[in-house]
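What follows is a set of notes on a single structure, which appears directly below.
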Amino acid sequence: MIDNQLLEKLAVYYLEHLEDMVQENITVCEVAAPPFQEHARANYVAKRWRELGLTDAFVDETPNVYADIRGQGDGPTILVAAHLDTVFPAETDVRVRREGHELHAPGVRDNSTAVAALIQLVAGLRALGLTFKGRLILVGTAGEEGLGDLRGMKAAMARFGQEVDMVVAVDGNLGSVIHEGIASRRLQVSVTTGGGHSWGDFGVASAIHALGRMIADISHLEVPKQPRTTYNVGVISGGTSINTIAQQAEMFIDMRSTCSESLAHLEQQVRSILELHAKGLNLQIEVVGDRPGGALPSDHELVQQANEILTALGISPSSAPSSTDANVPLSQGVPAICIGITNGRGAHRLDESLDIRPIPKGMAQLAGLLLTLLS
């Protein structure tokens with residue numbers, strides 16, 4: 001049952017401490033966390049949790065950062081996660097520019113806001129003296145973006161999975177309650193040949209030409225609209241010069257579906273095309289991404305509680321399938337959702353921004369949901 005007085009208390013607290021959240025958001029964003037280089041941000045989060053009294057906070061080899069809050073009495077165990085990493089390379093300027101009620105910087109919302117939220121969640125619980133039953137496991141996960149392949153959440157569930165009753169991932173815009181995870185498979189395809197001179201060796205197999213034929217055939221594959229299934233060749237590279245028959249070329253293929261069976265069928269079709277056009281060539285296929293899928297029904301208690309809390313805060317809930325840290329527990333049969341803290345624009349772009357005004361309600365949503373589930 002939703003405690004409206006508690007929600008109001010939380011909203012007032014986070015409105016009064018909005019500047020704390022904004023400064024936390026800025027600081028997190030300016031601690032760069034490029035792909036596979038999340039250590040600095042993980043260490044920052046561990047430091048902040050320790051400052052707030054969570055003395056057992058630690059960083060593992062993933063690198064994930066963990067903290068554990070034990071409640072008073074028996075109750076469920078909830079794992080709350082926010083991914084640390086961004087899509088931007090190490091040389092990206094991540095300094096935050098503040099303009100009125102907006103913050104601007106690469107990664108400022110995705111996912112710096114959620115990481116800051118896990119820090120300020122602890123600050124709010126401590127300041128308001130709020131107690132709960134059960135156990136709250138806090139995790140900053142590595143490897144959610146790009147080729148990270150959800151390695152952080154996979155590691156967290158391997159560490160705690162048998163103890164966890166529910167998972168709440170924090171990512172995305174406020175109002176979103178994601179309870180269906182899109183499965184994906186990603187292939188790195190490499191072709192090598194003998195190569196040669198474009199004039200003198202004309203007719204010798206070219207690795208680039210082979211990729212071209214593969215891509216052309218893949219582009220004509222028909223996939224179902226329901227369950228939605230997609231594919232994309234996102235990166236191609238190879239060759240040495242305009243007048244050299246390419247000895248080597250490679251591409252990365254992304255395949256997704258809300259249905260694991262449809263995804264497996266698509267991958268089988270793609271592999272058949274690759275092998276067809278690689279006859280007489282050296283073909284290597286490596287799986288570089290395997291994100292499991294899963295779903296909760298919309299009438300599940302966890303989904304309903306999240307929707308009701310948003311409604312009580314005057315926010316209209318919405319939902320659409322997505323690929324988030326929640327994919328991993330969903331694939332393992334553990335109830336999980338993904339919710340957001342505020343609204344932003346330009347995710348994965350250099351001109352990314354967020355609106356600070358919804359943050360108090362977003363934080364009230366997060367804390368209120370957890371306290372309701374742990375009551």
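In the structure tokens, chains take the letters A, B, ... in the order shown, each chain's residues start at 1, and ligands count up from 1 in the order shown.
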Near A:Ala90, within 9 Å and counting only C-alpha atoms, which residues show up once chain neighbours fewer than 5 positions away are dropped, as number ranges by chain?
A: 32-35, 37
Would you export the selected residues with N, CA and C atoms as a short mmCIF file (atom, residue, chain, number, x, y, z; two decimals), in the first residue's frame, please?
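Saved to result-v8.cif:
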data_model
loop_
_atom_site.label_atom_id
_atom_site.label_comp_id
_atom_site.auth_asym_id
_atom_site.auth_seq_id
_atom_site.Cartn_x
_atom_site.Cartn_y
_atom_site.Cartn_z
N ALA A 32 35.37 10.56 -15.40
CA ALA A 32 35.14 9.84 -16.66
C ALA A 32 35.06 8.33 -16.44
N ALA A 33 34.14 7.69 -17.18
CA ALA A 33 33.97 6.23 -17.09
C ALA A 33 33.78 5.68 -18.49
N PRO A 34 34.82 5.81 -19.35
CA PRO A 34 34.71 5.29 -20.72
C PRO A 34 34.59 3.78 -20.72
N PRO A 35 34.23 3.18 -21.85
CA PRO A 35 34.06 1.73 -21.91
C PRO A 35 35.29 0.99 -21.39
N GLN A 37 36.71 1.18 -18.62
CA GLN A 37 37.59 1.98 -17.75
C GLN A 37 36.76 2.66 -16.67
#
Write down as a PyMOL selection string the residues of stretch 110-250 of chain A whose backbone DSSP state falls under strand (DSSP E).
chain A and resi 135-141+166-170+177-178+180-181+183-192+196-197+229-238+244-245+248-250
How would the residues just picked look written out with N, CA and C atoms as a tab-separated table (two decimals), in the first residue's frame?
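Once everything was written out, this is part_12.tsv:
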chain	number	residue	atom	x	y	z
A	135	ARG	N	16.74	-6.27	3.35
A	135	ARG	CA	18.12	-5.94	2.99
A	135	ARG	C	18.15	-5.19	1.66
A	136	LEU	N	18.98	-4.19	1.60
A	136	LEU	CA	19.16	-3.39	0.39
A	136	LEU	C	20.60	-3.52	-0.07
A	137	ILE	N	20.80	-4.08	-1.27
A	137	ILE	CA	22.13	-4.20	-1.85
A	137	ILE	C	22.28	-3.15	-2.93
A	138	LEU	N	23.25	-2.26	-2.79
A	138	LEU	CA	23.49	-1.20	-3.76
A	138	LEU	C	24.67	-1.59	-4.65
A	139	VAL	N	24.50	-1.42	-5.97
A	139	VAL	CA	25.56	-1.79	-6.89
A	139	VAL	C	25.70	-0.75	-7.99
A	140	GLY	N	26.93	-0.28	-8.20
A	140	GLY	CA	27.26	0.47	-9.40
A	140	GLY	C	27.91	-0.51	-10.36
A	141	THR	N	27.26	-0.76	-11.49
A	141	THR	CA	27.71	-1.82	-12.38
A	141	THR	C	28.58	-1.30	-13.52
A	166	MET	N	14.24	-9.26	-5.62
A	166	MET	CA	13.84	-8.31	-6.65
A	166	MET	C	15.03	-7.45	-7.03
A	167	VAL	N	14.99	-6.90	-8.24
A	167	VAL	CA	16.03	-5.99	-8.72
A	167	VAL	C	15.37	-4.73	-9.26
A	168	VAL	N	15.91	-3.59	-8.87
A	168	VAL	CA	15.49	-2.30	-9.43
A	168	VAL	C	16.73	-1.68	-10.07
A	169	ALA	N	16.74	-1.60	-11.39
A	169	ALA	CA	17.81	-0.89	-12.11
A	169	ALA	C	17.39	0.56	-12.28
A	170	VAL	N	18.36	1.46	-12.25
A	170	VAL	CA	18.06	2.88	-12.38
A	170	VAL	C	18.76	3.41	-13.62
A	177	VAL	N	8.82	2.70	-16.70
A	177	VAL	CA	8.91	1.49	-15.89
A	177	VAL	C	9.13	0.33	-16.87
A	178	ILE	N	10.38	0.01	-17.11
A	178	ILE	CA	10.72	-1.02	-18.09
A	178	ILE	C	10.66	-2.38	-17.41
A	180	GLU	N	10.30	-5.32	-19.65
A	180	GLU	CA	10.55	-6.28	-20.71
A	180	GLU	C	11.92	-6.00	-21.30
A	181	GLY	N	12.82	-6.98	-21.24
A	181	GLY	CA	14.19	-6.80	-21.70
A	181	GLY	C	14.39	-7.34	-23.11
A	183	ALA	N	16.49	-9.00	-25.86
A	183	ALA	CA	17.67	-9.84	-25.98
A	183	ALA	C	18.48	-9.42	-27.20
A	184	SER	N	19.79	-9.60	-27.15
A	184	SER	CA	20.63	-9.24	-28.30
A	184	SER	C	21.79	-10.21	-28.45
A	185	ARG	N	22.23	-10.37	-29.69
A	185	ARG	CA	23.45	-11.13	-30.02
A	185	ARG	C	24.27	-10.24	-30.93
A	186	ARG	N	25.57	-10.15	-30.66
A	186	ARG	CA	26.46	-9.32	-31.45
A	186	ARG	C	27.63	-10.15	-31.94
A	187	LEU	N	27.87	-10.05	-33.24
A	187	LEU	CA	28.92	-10.84	-33.87
A	187	LEU	C	30.01	-9.95	-34.45
A	188	GLN	N	31.25	-10.34	-34.23
A	188	GLN	CA	32.38	-9.74	-34.94
A	188	GLN	C	32.78	-10.72	-36.04
A	189	VAL	N	32.67	-10.26	-37.28
A	189	VAL	CA	32.91	-11.12	-38.44
A	189	VAL	C	34.18	-10.66	-39.14
A	190	SER	N	35.16	-11.57	-39.29
A	190	SER	CA	36.43	-11.25	-39.94
A	190	SER	C	36.63	-12.16	-41.14
A	191	VAL	N	37.06	-11.56	-42.27
A	191	VAL	CA	37.35	-12.31	-43.49
A	191	VAL	C	38.78	-11.99	-43.91
A	192	THR	N	39.57	-13.03	-44.23
A	192	THR	CA	40.92	-12.82	-44.74
A	192	THR	C	41.10	-13.61	-46.05
A	196	GLY	N	46.14	-8.77	-53.13
A	196	GLY	CA	47.01	-8.53	-54.28
A	196	GLY	C	46.80	-7.16	-54.86
A	197	HIS	N	47.36	-6.95	-56.08
A	197	HIS	CA	47.28	-5.66	-56.77
A	197	HIS	C	45.96	-5.57	-57.52
A	229	THR	N	11.89	-7.73	-34.10
A	229	THR	CA	13.23	-8.28	-34.29
A	229	THR	C	13.98	-7.39	-35.28
A	230	THR	N	15.23	-7.07	-34.95
A	230	THR	CA	15.99	-6.14	-35.79
A	230	THR	C	17.42	-6.62	-35.99
A	231	TYR	N	18.08	-6.05	-37.00
A	231	TYR	CA	19.50	-6.31	-37.21
A	231	TYR	C	20.16	-5.05	-37.76
A	232	ASN	N	21.46	-4.97	-37.57
A	232	ASN	CA	22.20	-3.80	-38.06
A	232	ASN	C	23.68	-4.13	-38.16
A	233	VAL	N	24.28	-3.77	-39.31
A	233	VAL	CA	25.74	-3.81	-39.44
A	233	VAL	C	26.22	-2.41	-39.08
A	234	GLY	N	26.80	-2.27	-37.90
A	234	GLY	CA	27.10	-0.94	-37.38
A	234	GLY	C	28.51	-0.45	-37.66
A	235	VAL	N	29.46	-1.37	-37.85
A	235	VAL	CA	30.85	-0.98	-38.07
A	235	VAL	C	31.45	-1.90	-39.13
A	236	ILE	N	32.16	-1.33	-40.11
A	236	ILE	CA	32.95	-2.10	-41.07
A	236	ILE	C	34.34	-1.49	-41.17
A	237	SER	N	35.33	-2.32	-41.42
A	237	SER	CA	36.69	-1.82	-41.59
A	237	SER	C	37.50	-2.83	-42.38
A	238	GLY	N	38.62	-2.38	-42.97
A	238	GLY	CA	39.48	-3.30	-43.69
A	238	GLY	C	40.18	-2.64	-44.86
A	244	THR	N	44.67	-1.80	-53.76
A	244	THR	CA	45.06	-3.09	-53.21
A	244	THR	C	43.82	-3.94	-52.98
A	245	ILE	N	43.83	-5.17	-53.46
A	245	ILE	CA	42.74	-6.09	-53.16
A	245	ILE	C	42.83	-6.45	-51.67
A	248	GLN	N	42.12	-8.29	-45.70
A	248	GLN	CA	41.38	-8.46	-44.44
A	248	GLN	C	40.28	-7.42	-44.33
A	249	ALA	N	39.16	-7.82	-43.78
A	249	ALA	CA	38.06	-6.89	-43.50
A	249	ALA	C	37.21	-7.48	-42.39
A	250	GLU	N	36.56	-6.62	-41.63
A	250	GLU	CA	35.70	-7.11	-40.56
A	250	GLU	C	34.49	-6.21	-40.39
Backbone DSSP call of helix (DSSP H, G or I) for stretch 47-227 of chain A, listed as a ChimeraX atom specification
/A:47-51,112-128,146-148,151-163,207-219
Find the residues around A:Ala205 up to 8 Å (only C-alpha atoms counted), leave out those fewer than 6 positions away in its own chain, and share them as a count of residues only.
5
So, with only C-alpha atoms as the atoms that count, which of A:Thr324, A:Ser262, A:Ser257, A:Thr86 lies closest to A:Glu352?
A:Thr86
